[in-house]
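Peer 1: This is the structure, below, for whatever I ask next.
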Amino acid sequence: MKMQGIAGLLEQLPLLKRWTMRRRLVRMRKALLALSPLHQSVFHMIRFEGMSVHQAAQQLRLPSRGVEKLLTEVIIALAEAARR
């Protein structure tokens with residue numbers, strides 16, 4: 001009887017993983033939305049539009065180093081949200 005309980009638990013593991021991943025993504029989305037619009041723009045340009053740091057810097061009229069710093073801050077915020 002006890003073995004069936006353990007087997008049942010193991011069968012639900014994929015569901016638990018999906019639930020955990022969904023919660024992690026929700027936290028990461030909230031963290032991204034809590035950042036400034038400039039941070040969000042930099043992240044979107046580089047990660048979703050495929051721009052280089054240099055291209056994003058030109059479009060935003062910022063120094064490349066500034067865009068790198070913004071992107072680093074976004075990645076740190078997302079990583080911290082994913083760990084919680």
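Labels for the structure tokens follow display order: chains A, B, ..., residues from 1 in each chain, ligands from 1.
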Would you pick out the contacts of Ala57 (chain A) at 12 Å or less, using only C-alpha atoms, so that residues sharing its chain but fewer than 2 positions from it are not included, and give the list as a list in words?
Peer 2: Leu38, Ser41, Val42, Phe43, Met45, Ile46, Met51, Ser52, Val53, His54, Gln55, Gln59, Leu60, Arg61, Leu62, Pro63, Ser64, Arg65, Gly66, Val67, Glu68, Lys69, Leu70 and Leu71 of chain A
Peer 1: In Å, with one decimal, what is the gap from CA of Leu16 (chain A) to CA of Leu35 (chain A)?
Peer 2: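 Going from CA of Leu16 (chain A) over to CA of Leu35 (chain A), I get 29.2 Å.
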Peer 1: Please report the interatomic distance between CA of Arg23 (chain A) and CA of Gly50 (chain A) in Å with one decimal.
Peer 2: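 A separation of 26.5 Å between them.
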Peer 1: If I take CA of Ala81 (chain A) and CA of Arg24 (chain A), how far is one from the other in Å, to one decimal?
Peer 2: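 Between CA of Ala81 (chain A) and CA of Arg24 (chain A) the gap works out to 7.3 Å.
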Peer 1: Identify, with DSSP run on backbone atoms, the residues in chain A assigned to alpha helix (DSSP H), and express the list as JSON, numbers by chain.
Peer 2: {"A": [2, 3, 4, 5, 6, 7, 8, 9, 10, 11, 13, 14, 15, 16, 17, 18, 19, 20, 21, 22, 23, 24, 25, 26, 27, 28, 29, 30, 31, 32, 33, 34, 37, 38, 39, 40, 41, 42, 43, 53, 54, 55, 56, 57, 58, 59, 60, 64, 65, 66, 67, 68, 69, 70, 71, 72, 73, 74, 75, 76, 77, 78, 79, 80, 81, 82, 83]}
Peer 1: Got a sec: who's within 10 Å of Glu80 (chain A), counting only C-alpha atoms, leaving out chain neighbours fewer than 3 positions off, as a compact mmCIF listing (two decimals) with C-alpha atoms, in the first residue's frame?
Peer 2:
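New file part33.txt:
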```txt
# COMPACT_ATOMS: atom_id res chain seq x y z
CA ARG A 27 8.10 35.98 -10.40
CA MET A 28 10.52 36.80 -13.21
CA ALA A 31 10.60 41.52 -11.55
CA VAL A 74 17.94 43.27 -15.70
CA ILE A 75 19.68 39.90 -15.72
CA ILE A 76 20.51 40.18 -12.01
CA ALA A 77 16.88 41.05 -11.18
CA ARG A 83 15.90 31.87 -7.14
CA ARG A 84 13.14 32.89 -4.70
```
